[in-house]
$ cat input27.cif   # mmCIF, C-alpha atoms
data_entry
loop_
_atom_site.label_atom_id
_atom_site.label_comp_id
_atom_site.auth_asym_id
_atom_site.auth_seq_id
_atom_site.Cartn_x
_atom_site.Cartn_y
_atom_site.Cartn_z
CA MET A 1 98.23 104.47 53.16
CA ALA A 2 101.42 106.42 53.63
CA VAL A 3 101.06 107.25 57.33
CA THR A 4 100.29 103.67 58.23
CA ASP A 5 103.29 102.51 56.24
CA ASP A 6 105.50 105.04 57.96
CA HIS A 7 104.27 103.93 61.38
CA ASP A 8 105.02 100.36 60.45
CA ILE A 9 108.48 101.23 59.14
CA ALA A 10 109.29 103.33 62.21
CA ALA A 11 108.12 100.60 64.58
CA ARG A 12 110.26 98.02 62.82
CA LEU A 13 113.26 100.32 62.74
CA LYS A 14 112.96 100.62 66.48
CA GLN A 15 113.17 96.85 66.63
CA ARG A 16 116.42 97.10 64.59
CA ASP A 17 114.85 95.51 61.52
CA ALA A 18 117.23 96.10 58.59
CA HIS A 19 114.47 95.26 56.10
CA ALA A 20 112.63 98.33 57.34
CA MET A 21 115.69 100.41 56.53
CA ALA A 22 115.60 99.09 52.97
CA GLU A 23 111.92 100.02 52.73
CA LEU A 24 112.64 103.45 54.14
CA TYR A 25 115.35 103.97 51.52
CA ASP A 26 113.07 102.80 48.71
CA LYS A 27 110.36 105.18 49.84
CA TYR A 28 112.35 108.28 50.74
CA GLY A 29 115.92 107.78 49.49
CA GLY A 30 115.27 109.72 46.28
CA LEU A 31 113.66 112.62 48.11
CA LEU A 32 116.40 112.87 50.72
CA TYR A 33 119.07 112.70 48.04
CA SER A 34 117.31 115.43 46.04
CA VAL A 35 117.02 117.75 49.05
CA ILE A 36 120.69 117.28 49.90
CA LEU A 37 121.86 117.59 46.30
CA ARG A 38 119.95 120.86 45.95
CA SER A 39 121.93 122.18 48.92
CA VAL A 40 125.42 120.93 48.17
CA SER A 41 125.27 120.76 44.33
CA ASN A 42 127.68 117.85 44.18
CA GLN A 43 126.61 114.30 43.50
CA ALA A 44 129.41 112.52 45.39
CA THR A 45 129.02 114.75 48.45
CA ALA A 46 125.25 114.33 48.34
CA GLU A 47 125.60 110.55 48.32
CA ASP A 48 127.98 110.66 51.29
CA LEU A 49 125.52 112.83 53.18
CA VAL A 50 122.62 110.51 52.33
CA GLN A 51 124.62 107.70 53.92
CA GLU A 52 125.18 109.84 57.00
CA THR A 53 121.49 110.67 57.09
CA PHE A 54 120.38 107.04 57.12
CA LEU A 55 122.98 106.20 59.73
CA ARG A 56 121.68 109.00 61.90
CA ILE A 57 118.09 107.83 61.45
CA TRP A 58 119.14 104.33 62.51
CA ASN A 59 121.00 105.65 65.54
CA ARG A 60 118.26 108.07 66.61
CA ILE A 61 115.11 106.11 65.87
CA HIS A 62 114.77 105.16 69.54
CA THR A 63 113.82 108.80 70.22
CA PHE A 64 111.02 108.75 67.65
CA ASP A 65 107.41 108.56 68.82
CA VAL A 66 105.96 105.87 66.59
CA GLU A 67 102.36 106.57 67.54
CA ARG A 68 102.35 110.33 67.06
CA GLY A 69 105.49 111.05 65.08
CA ARG A 70 105.69 112.24 61.49
CA LEU A 71 108.51 110.14 60.07
CA GLU A 72 108.81 111.94 56.74
CA GLY A 73 109.17 115.34 58.35
CA TRP A 74 111.73 114.08 60.80
CA ILE A 75 113.95 112.46 58.20
CA ILE A 76 113.74 115.39 55.76
CA THR A 77 114.91 117.64 58.56
CA ILE A 78 117.77 115.29 59.39
CA ALA A 79 118.81 115.23 55.73
CA ARG A 80 118.62 119.00 55.39
CA ASN A 81 120.61 119.48 58.58
CA ARG A 82 123.38 117.16 57.34
CA ALA A 83 123.65 119.28 54.21
CA ILE A 84 123.62 122.59 56.10
CA ASP A 85 126.21 121.32 58.58
CA TYR A 86 128.40 120.40 55.63
CA LEU A 87 127.98 123.81 53.99
CA ARG A 88 128.69 125.58 57.26
CA SER A 89 131.84 123.54 57.73
CA LEU A 90 132.97 124.79 54.32
CA ARG A 91 132.23 128.33 55.45
CA SER A 92 134.16 127.64 58.68
CA GLN A 93 131.18 128.31 60.88
CA PRO A 94 129.86 124.97 62.06
CA GLY A 95 126.69 125.82 63.96
CA GLU A 96 128.21 129.13 64.96
CA ALA A 97 125.81 131.57 66.58
CA THR A 98 122.73 130.02 65.03
CA THR A 99 120.27 127.55 66.41
CA THR A 100 121.91 124.20 67.01
CA LEU A 101 120.53 122.13 64.17
CA GLU A 102 120.51 119.03 66.35
CA ASP A 103 117.89 120.68 68.55
CA LEU A 104 115.61 120.82 65.54
CA GLU A 105 115.78 117.06 65.11
CA HIS A 106 113.95 116.48 68.37
CA SER A 107 111.27 114.07 67.28
CA GLY A 108 108.70 115.66 69.57
CA LEU A 109 108.54 118.52 67.10
CA PHE A 110 107.26 116.19 64.37
CA VAL A 111 103.84 115.21 65.59
CA THR A 112 100.93 114.21 63.38
CA LYS A 113 97.86 116.28 64.07
CA GLU A 114 95.91 115.65 60.90
CA THR A 115 95.10 112.99 58.39
CA GLU A 116 97.39 112.11 55.53
CA ALA A 117 94.79 113.43 53.08
CA ASP A 118 94.82 116.82 54.81
CA ARG A 119 98.57 116.91 54.72
CA LEU A 120 98.65 116.10 51.03
CA THR A 121 96.15 118.86 50.34
CA ARG A 122 98.26 121.34 52.25
CA ARG A 123 101.43 120.15 50.58
CA LYS A 124 99.88 120.69 47.15
CA ALA A 125 98.77 124.16 48.18
CA VAL A 126 102.25 125.03 49.41
CA GLY A 127 103.74 123.67 46.18
CA ALA A 128 101.41 125.89 44.15
CA ALA A 129 102.21 128.87 46.37
CA LEU A 130 105.94 128.29 45.83
CA ASP A 131 105.34 128.58 42.09
CA SER A 132 103.52 131.85 42.63
CA LEU A 133 106.45 133.55 44.37
CA ASN A 134 108.47 136.10 42.46
CA GLU A 135 112.11 135.47 41.61
CA ASP A 136 113.50 137.51 44.50
CA GLN A 137 111.32 135.71 47.03
CA ARG A 138 112.32 132.33 45.62
CA GLU A 139 115.98 133.29 45.78
CA VAL A 140 115.90 134.19 49.46
CA LEU A 141 113.96 131.04 50.32
CA GLU A 142 116.55 128.98 48.47
CA LEU A 143 119.24 130.57 50.61
CA THR A 144 117.41 130.14 53.91
CA HIS A 145 116.06 126.65 53.35
CA PHE A 146 118.74 125.00 51.22
CA GLN A 147 121.87 126.95 52.14
CA GLY A 148 121.10 127.63 55.81
CA LEU A 149 121.99 131.31 55.61
CA THR A 150 120.75 133.92 58.04
CA GLN A 151 119.12 137.05 56.65
CA THR A 152 122.30 139.04 57.31
CA GLU A 153 124.33 136.51 55.36
CA ILE A 154 121.83 136.62 52.53
CA ALA A 155 122.02 140.39 52.42
CA GLU A 156 125.81 140.18 52.16
CA ARG A 157 125.72 137.54 49.48
CA LEU A 158 123.10 139.27 47.35
CA HIS A 159 124.41 142.78 48.04
CA LYS A 160 120.97 143.87 49.15
CA PRO A 161 119.97 145.90 52.20
CA LEU A 162 119.12 143.73 55.23
CA GLY A 163 115.70 145.35 55.42
CA THR A 164 114.95 144.32 51.85
CA VAL A 165 115.98 140.74 52.55
CA LYS A 166 113.88 140.59 55.71
CA SER A 167 110.93 141.94 53.82
CA LEU A 168 111.36 139.36 51.04
CA VAL A 169 111.67 136.48 53.51
CA ARG A 170 108.68 137.67 55.50
CA SER A 171 106.47 138.17 52.45
CA ALA A 172 107.43 134.81 50.94
CA LEU A 173 106.76 132.93 54.16
CA LYS A 174 103.49 134.79 54.62
CA VAL A 175 102.28 133.59 51.22
CA LEU A 176 103.28 130.01 51.98
CA ARG A 177 101.85 130.07 55.50
CA ALA A 178 98.57 131.45 54.19
CA SER A 179 98.38 128.76 51.51
CA ALA A 180 98.93 126.01 54.08
CA VAL A 181 96.36 127.44 56.47
CA GLY A 182 93.90 128.11 53.65
CA ALA A 183 94.18 124.57 52.36
CA ALA A 184 93.57 123.18 55.84
CA GLY A 185 90.55 125.40 56.27
CA SER A 186 89.06 124.43 52.93
CA ARG A 187 88.60 120.81 53.96
CA MET B 188 100.53 135.00 81.06
CA ASN B 189 103.50 135.38 78.77
CA GLN B 190 103.29 138.15 76.15
CA HIS B 191 103.73 137.18 72.50
CA PRO B 192 105.24 140.04 70.50
CA ASP B 193 104.31 139.98 66.80
CA GLN B 194 107.88 139.79 65.54
CA PHE B 195 108.25 136.39 67.15
CA THR B 196 105.78 134.91 64.68
CA ASP B 197 108.24 135.51 61.84
CA LEU B 198 111.15 134.33 63.96
CA CYS B 199 109.51 130.93 64.42
CA GLU B 200 110.20 130.04 60.78
CA LEU B 201 113.82 131.20 60.93
CA TYR B 202 114.36 129.49 64.27
CA ALA B 203 112.90 126.29 62.84
CA LEU B 204 115.46 126.50 60.03
CA GLY B 205 118.36 127.18 62.36
CA ALA B 206 118.78 130.46 60.48
CA ILE B 207 117.82 132.97 63.14
CA GLU B 208 120.21 135.92 63.62
CA PRO B 209 122.56 135.47 66.58
CA GLU B 210 121.42 138.69 68.23
CA GLU B 211 117.77 137.66 67.95
CA ARG B 212 118.31 134.13 69.09
CA ALA B 213 118.94 134.77 72.77
CA GLY B 214 115.84 136.93 73.15
CA PHE B 215 113.70 134.42 71.32
CA GLU B 216 114.98 131.48 73.33
CA ASN B 217 114.38 133.36 76.59
CA HIS B 218 110.86 133.99 75.41
CA LEU B 219 110.43 130.31 74.59
CA ALA B 220 111.86 129.29 77.94
CA ALA B 221 109.21 131.44 79.61
CA GLY B 222 106.68 129.00 78.21
CA CYS B 223 105.05 130.77 75.28
CA ALA B 224 102.60 128.17 73.96
CA GLU B 225 101.94 130.30 70.89
CA CYS B 226 105.60 130.20 69.89
CA ARG B 227 105.90 126.50 70.62
CA ALA B 228 102.94 125.89 68.31
CA GLY B 229 104.42 128.37 65.85
CA ILE B 230 107.69 126.44 65.72
CA GLU B 231 105.89 123.16 65.14
CA GLN B 232 103.88 124.75 62.32
CA ALA B 233 107.02 126.34 60.92
CA ILE B 234 108.83 123.01 60.92
CA GLU B 235 105.93 121.47 59.06
CA LEU B 236 105.88 124.32 56.56
CA ASN B 237 109.62 124.01 56.09
CA GLU B 238 109.36 120.32 55.44
CA MET B 239 106.65 120.97 52.84
CA ILE B 240 108.96 123.47 51.13
CA LEU B 241 111.86 121.03 51.25
CA GLY B 242 109.60 118.17 50.18
CA ALA B 243 108.54 120.09 47.08
CA THR B 244 112.07 119.72 45.71
CA PRO B 245 111.99 118.19 42.22
CA GLN B 246 113.34 114.69 42.58
CA THR B 247 116.66 113.65 41.10
CA LYS B 248 117.45 109.97 40.93
CA PRO B 249 120.58 108.95 42.86
CA SER B 250 123.07 106.51 41.37
CA ALA B 251 122.08 102.86 41.36
CA GLN B 252 125.00 102.10 43.67
CA LEU B 253 123.84 104.40 46.44
CA ARG B 254 121.18 102.01 47.69
CA GLY B 255 123.77 99.27 48.18
CA ARG B 256 126.17 101.68 49.86
CA VAL B 257 123.55 102.96 52.27
CA LEU B 258 122.15 99.57 53.17
CA ALA B 259 125.45 97.72 53.33
CA GLY B 260 125.89 99.07 56.83
CA PHE B 261 122.67 97.60 58.16
CA GLY B 262 122.29 93.90 58.86
CA GLN B 263 124.35 92.31 56.11
CA ALA B 264 123.33 88.90 57.36
CA VAL B 265 119.69 89.60 56.66
CA GLN B 266 118.19 88.16 53.53
CA GLU B 267 115.62 90.50 52.12
CA ARG B 268 112.21 89.02 51.54
CA ARG B 269 111.24 91.41 48.76
CA ARG B 270 114.57 91.16 47.08
CA ARG B 271 115.84 93.67 44.60
CA PHE B 272 119.00 93.21 42.70
CA ASN B 273 121.10 95.96 44.28
CA TRP B 274 120.20 94.95 47.81
CA ALA B 275 120.85 91.35 47.00
CA PHE B 276 124.13 92.40 45.50
CA ALA B 277 125.16 94.20 48.66
CA LEU B 278 124.27 91.22 50.81
CA ALA B 279 125.96 88.76 48.52
CA ALA B 280 129.08 90.89 48.27
CA ALA B 281 129.24 91.22 52.05
CA ALA B 282 128.73 87.48 52.46
CA LEU B 283 131.47 86.77 49.94
CA ILE B 284 133.91 89.06 51.64
CA LEU B 285 133.19 87.47 55.02
CA LEU B 286 133.55 83.99 53.59
CA PHE B 287 136.83 84.80 51.92
CA ALA B 288 138.11 86.57 54.99
CA ALA B 289 137.46 83.39 56.96
CA TRP B 290 139.09 81.36 54.25
CA PHE B 291 142.19 83.54 54.29
CA ALA B 292 142.42 83.25 58.06
CA GLU B 293 142.49 79.49 57.68
CA HIS B 294 144.93 79.40 54.76
CA ASN B 295 147.69 81.86 55.33
CA GLN B 296 149.72 80.95 52.29
CA ARG B 297 150.98 83.49 49.84
CA LEU B 298 150.26 81.43 46.76
CA ALA B 299 146.80 80.60 47.91
CA ASP B 300 146.23 84.25 48.71
CA THR B 301 147.22 85.24 45.21
CA VAL B 302 145.03 82.66 43.57
CA GLU B 303 142.05 83.42 45.76
CA LEU B 304 142.45 87.16 45.36
CA ALA B 305 142.27 86.66 41.62
CA ARG B 306 139.16 84.56 42.16
CA LEU B 307 137.67 87.24 44.38
CA ARG B 308 138.26 89.84 41.66
CA GLU B 309 136.47 87.64 39.14
CA ILE B 310 133.56 87.21 41.52
CA GLN B 311 133.46 90.95 42.06
CA GLN B 312 133.39 91.56 38.31
CA ILE B 313 130.40 89.26 37.90
CA LEU B 314 128.52 90.81 40.82
CA GLU B 315 129.18 94.36 39.68
CA ALA B 316 128.31 93.88 36.02
CA PRO B 317 125.16 95.91 35.31
CA ASP B 318 123.47 93.12 33.37
CA THR B 319 124.13 90.34 35.89
CA LYS B 320 120.91 88.48 36.59
CA GLN B 321 120.03 86.93 39.94
CA VAL B 322 117.96 83.80 40.40
CA THR B 323 116.97 82.67 43.88
CA PHE B 324 116.09 79.12 44.81
CA GLY B 325 114.81 77.07 47.74
CA PRO B 326 112.84 79.57 49.83
CA GLN B 327 112.55 77.12 52.75
CA PRO B 328 115.29 77.97 55.29
CA ALA B 329 115.63 74.35 56.41
CA ALA B 330 116.49 73.17 52.89
CA PRO B 331 119.37 74.31 50.69
CA HIS B 332 118.60 77.78 49.44
CA GLY B 333 120.44 80.72 47.96
CA SER B 334 121.15 82.68 44.80
CA ILE B 335 122.72 82.26 41.41
CA PHE B 336 124.27 85.27 39.69
CA VAL B 337 124.55 84.87 35.94
CA GLN B 338 126.51 87.12 33.60
CA GLN B 339 126.56 85.93 30.03
CA LYS B 340 130.12 87.02 29.19
CA LEU B 341 131.86 86.50 32.54
CA GLY B 342 130.27 83.43 34.07
CA MET B 343 128.18 82.41 37.03
CA ILE B 344 128.30 82.39 40.83
CA LEU B 345 126.33 79.98 42.97
CA ILE B 346 125.82 80.87 46.64
CA ALA B 347 124.09 78.11 48.58
CA ASP B 348 123.08 78.11 52.23
CA GLY B 349 121.69 75.31 54.35
CA LEU B 350 123.98 72.61 52.97
CA PRO B 351 124.50 69.70 55.36
CA ALA B 352 128.08 68.79 56.20
CA PRO B 353 129.26 66.23 53.63
CA PRO B 354 130.11 62.74 54.86
CA ALA B 355 133.81 62.04 55.40
CA GLY B 356 135.52 61.45 52.05
CA TRP B 357 132.90 63.35 50.08
CA THR B 358 132.78 66.89 48.75
CA TYR B 359 130.30 69.14 47.00
CA GLU B 360 130.35 69.63 43.26
CA SER B 361 128.37 72.16 41.28
CA TRP B 362 126.95 71.44 37.82
CA VAL B 363 125.57 73.36 34.88
CA VAL B 364 122.59 71.54 33.44
CA PRO B 365 121.89 72.39 29.78
CA LYS B 366 118.43 72.11 28.25
CA ASN B 367 119.78 69.41 25.97
CA GLY B 368 122.61 67.14 26.95
CA ALA B 369 124.36 65.88 30.07
CA PRO B 370 125.20 68.04 33.14
CA MET B 371 128.67 69.65 33.02
CA PRO B 372 130.77 69.97 36.20
CA MET B 373 131.52 73.51 37.38
CA GLU B 374 133.83 73.02 40.35
CA ALA B 375 134.23 71.24 43.65
CA PHE B 376 133.62 73.41 46.67
CA ARG B 377 133.48 73.28 50.44
CA ALA B 378 130.58 74.49 52.57
CA PRO B 379 131.83 75.62 55.97
CA ASP B 380 128.90 76.30 58.29
CA GLY B 381 126.49 75.15 55.58
CA ARG B 382 127.35 77.91 53.10
CA GLY B 383 129.17 77.25 49.87
CA ILE B 384 130.21 79.35 46.91
CA SER B 385 130.99 78.01 43.50
CA VAL B 386 132.13 79.96 40.49
CA LEU B 387 132.13 79.23 36.78
CA ARG B 388 134.42 81.61 34.91
CA SER B 389 133.58 81.36 31.26
CA PRO B 390 131.04 82.81 28.81
CA LEU B 391 127.67 81.14 29.10
CA PRO B 392 125.04 80.17 26.53
CA VAL B 393 122.42 81.47 28.96
CA GLY B 394 119.44 80.65 26.75
CA ASP B 395 120.52 77.03 26.52
CA LEU B 396 120.86 76.44 30.26
CA LYS B 397 118.16 74.75 32.29
CA ALA B 398 119.49 74.61 35.84
CA VAL B 399 122.39 74.65 38.24
CA ALA B 400 122.76 71.56 40.39
CA VAL B 401 124.83 70.49 43.37
CA SER B 402 125.86 66.95 44.10
CA LEU B 403 128.02 65.03 46.54
CA GLU B 404 131.07 63.40 45.00
CA PRO B 405 133.79 61.14 46.42
CA VAL B 406 136.98 63.11 47.03
CA ASN B 407 139.71 62.48 44.43
CA ALA B 408 137.38 60.47 42.20
CA PRO B 409 136.86 61.46 38.55
CA VAL B 410 133.77 63.62 38.14
CA THR B 411 131.76 62.58 35.13
CA LYS B 412 128.15 62.76 36.25
CA PRO B 413 126.37 63.67 39.50
CA THR B 414 126.72 60.86 42.02
CA LYS B 415 124.35 61.98 44.79
CA LEU B 416 122.17 64.91 43.73
CA VAL B 417 121.62 67.42 46.57
CA PHE B 418 119.46 69.92 44.67
CA ALA B 419 118.85 71.38 41.23
CA ALA B 420 117.88 75.06 40.90
CA PRO B 421 116.06 76.02 37.68
CA LEU B 422 117.48 79.05 35.88
CA GLY B 423 114.40 79.97 33.91
#

$ encode --input "input27.cif" --output "structure tokens"
Amino acid sequence: MAVTDDHDIAARLKQRDAHAMAELYDKYGGLLYSVILRSVSNQATAEDLVQETFLRIWNRIHTFDVERGRLEGWIITIARNRAIDYLRSLRSQPGEATTTLEDLEHSGLFVTKETEADRLTRRKAVGAALDSLNEDQREVLELTHFQGLTQTEIAERLHKPLGTVKSLVRSALKVLRASAVGAAGSR
Amino acid sequence: MNQHPDQFTDLCELYALGAIEPEERAGFENHLAAGCAECRAGIEQAIELNEMILGATPQTKPSAQLRGRVLAGFGQAVQERRRRFNWAFALAAAALILLFAAWFAEHNQRLADTVELARLREIQQILEAPDTKQVTFGPQPAAPHGSIFVQQKLGMILIADGLPAPPAGWTYESWVVPKNGAPMPMEAFRAPDGRGISVLRSPLPVGDLKAVAVSLEPVNAPVTKPTKLVFAAPLG
């Protein structure tokens, strides 16, 4: 079972077990690489950032709550933040005026409150809801989630009024939120 | 009790992405600092929703080398129980580099450096070849154990751990044992700290080979057949 495996991997990582790092890579390396590649669109950069991600996991695992923590969520966030930090450095605005990404890696924010089966059900529902979004909604989500842009920055990039962008972001997230809640309620 | 304005519900998602507008951030963080449980829960839910969105990314396979690159930084001395080739490669490469670094420290001679650098390059070529096959032997840590890397066109590398120190006047010799015929000597090698590396640099009739063996041989004596067999590792 995935959660049990993750607990085991996390516990062993805390004990500085390098085998656990190999298992973590085998389980999630492809996903983390894919998330980063989608953001930076460059294979060599993505691979460098994957290395940084695993190093950060290794160096921060002592903060992770093995009993209650959600390892997958934590490491996806770390990977995404490495990519966004990189993109912001290219835009000469490392962490400028937005939430400090490091704050979002606080492992206390990644707490398991449901079974793995429930999570899988919700994940499937969110995946289906993503497919149901229109092109404009998908575009703004791509820019918020994978490029780390604020709504103002999105409006500038897409040459759209800020109000329109806010409306698109809000409506897209509403659909996704409803699908996640609905899936949880259906079980 | 702290008030929870509606607009903060939407801000939870943006805050959780680190994408909240600067002018909205201060107000939202003040609100959070006032202890809004609804927003705290909202951020946790938003983080989970975000990770589901990120996790729905279609997967692209990274290069085969990435695994070795990532893991090379963690515990090179560890031998993986559920061994895969790339991980084994990273460990073996790290072990080789360490061994040769130690060797160079001991033998600071230009000629030797040149010869051994050439040898190191040959070893690297064998380890990096995509069709190099690895065979492990002797799983018991107390007994000689290790790996053999075989590449049909380039040759073979034997890495053996757990070798006892040879008696004075004796040295280790590696052998290729064909399925039919007498064992053929590979090369004499040392085993500082119980670890030895031996290399055969020539094309191999892989299908005709049965094993790789290690023996103890008197120093400076002609090597014709194994004198004292230490172990034989099957290749098949």

$ atom_distance --input "input27.cif" --atom1 "CA of Leu13 (chain A)" --atom2 "CA of Gly30 (chain A)"
19.1 Å

$ closest_atom_pairs --input "input27.cif" --of "chain B" --to "chain A" --cutoff "7 Å" --atoms "all atoms listed in the file" --output "Markdown table"
| residue | atom | partner | partner_atom | distance |
| --- | --- | --- | --- | --- |
| B:Asp197 | CA | A:Arg170 | CA | 6.7 |
| B:Tyr202 | CA | A:Thr99 | CA | 6.6 |
| B:Ala203 | CA | A:Leu104 | CA | 6.7 |
| B:Leu204 | CA | A:His145 | CA | 6.7 |
| B:Gly205 | CA | A:Thr99 | CA | 4.5 |
| B:Ala206 | CA | A:Thr150 | CA | 4.7 |
| B:Ile207 | CA | A:Thr150 | CA | 6.0 |
| B:Glu208 | CA | A:Thr150 | CA | 6.0 |
| B:Pro209 | CA | A:Ala97 | CA | 5.1 |
| B:Glu231 | CA | A:Leu109 | CA | 5.7 |
| B:Glu235 | CA | A:Gly73 | CA | 7.0 |
| B:Glu238 | CA | A:Gly73 | CA | 5.8 |
| B:Met239 | CA | A:Arg123 | CA | 5.7 |
| B:Leu241 | CA | A:Val35 | CA | 6.5 |
| B:Ala243 | CA | A:Gly127 | CA | 6.1 |
| B:Thr244 | CA | A:Val35 | CA | 6.3 |
| B:Gln246 | CA | A:Ser34 | CA | 5.3 |
| B:Thr247 | CA | A:Ser34 | CA | 5.3 |
| B:Lys248 | CA | A:Gly30 | CA | 5.8 |
| B:Pro249 | CA | A:Gly30 | CA | 6.4 |
| B:Leu253 | CA | A:Glu47 | CA | 6.7 |
| B:Val257 | CA | A:Gln51 | CA | 5.1 |
| B:Leu258 | CA | A:Ala22 | CA | 6.6 |
| B:Phe261 | CA | A:Ala18 | CA | 5.7 |
| B:Gly262 | CA | A:Ala18 | CA | 5.5 |
| B:Glu267 | CA | A:His19 | CA | 6.3 |

$ write_last_selection --input "input27.cif" --atoms "C-alpha atoms" --output "short mmCIF file (atom, residue, chain, number, x, y, z; two decimals), in the coordinates of the input"
data_model
loop_
_atom_site.label_atom_id
_atom_site.label_comp_id
_atom_site.auth_asym_id
_atom_site.auth_seq_id
_atom_site.Cartn_x
_atom_site.Cartn_y
_atom_site.Cartn_z
CA ASP B 197 108.24 135.51 61.84
CA TYR B 202 114.36 129.49 64.27
CA ALA B 203 112.90 126.29 62.84
CA LEU B 204 115.46 126.50 60.03
CA GLY B 205 118.36 127.18 62.36
CA ALA B 206 118.78 130.46 60.48
CA ILE B 207 117.82 132.97 63.14
CA GLU B 208 120.21 135.92 63.62
CA PRO B 209 122.56 135.47 66.58
CA GLU B 231 105.89 123.16 65.14
CA GLU B 235 105.93 121.47 59.06
CA GLU B 238 109.36 120.32 55.44
CA MET B 239 106.65 120.97 52.84
CA LEU B 241 111.86 121.03 51.25
CA ALA B 243 108.54 120.09 47.08
CA THR B 244 112.07 119.72 45.71
CA GLN B 246 113.34 114.69 42.58
CA THR B 247 116.66 113.65 41.10
CA LYS B 248 117.45 109.97 40.93
CA PRO B 249 120.58 108.95 42.86
CA LEU B 253 123.84 104.40 46.44
CA VAL B 257 123.55 102.96 52.27
CA LEU B 258 122.15 99.57 53.17
CA PHE B 261 122.67 97.60 58.16
CA GLY B 262 122.29 93.90 58.86
CA GLU B 267 115.62 90.50 52.12
#

$ atom_distance --input "input27.cif" --atom1 "CA of Asn367 (chain B)" --atom2 "CA of Gly325 (chain B)"
23.6 Å

$ closest_residue --input "input27.cif" --among "A:Arg88, A:His7, A:Arg56, A:Arg12" --to "Leu71 (chain A)" --atoms "all atoms listed in the file"
A:His7

$ atom_distance --input "input27.cif" --atom1 "CA of Gly349 (chain B)" --atom2 "CA of Ser361 (chain B)"
15.0 Å

$ resolve_selection --input "input27.cif" --expression "the PyMOL selection byres ((chain B and resi 376) around 9)" --output "list in words"
Thr358, Tyr359, Glu360, Ser361, Glu374, Ala375, Arg377, Ala378, Gly383, Ile384 and Ser385 of chain B
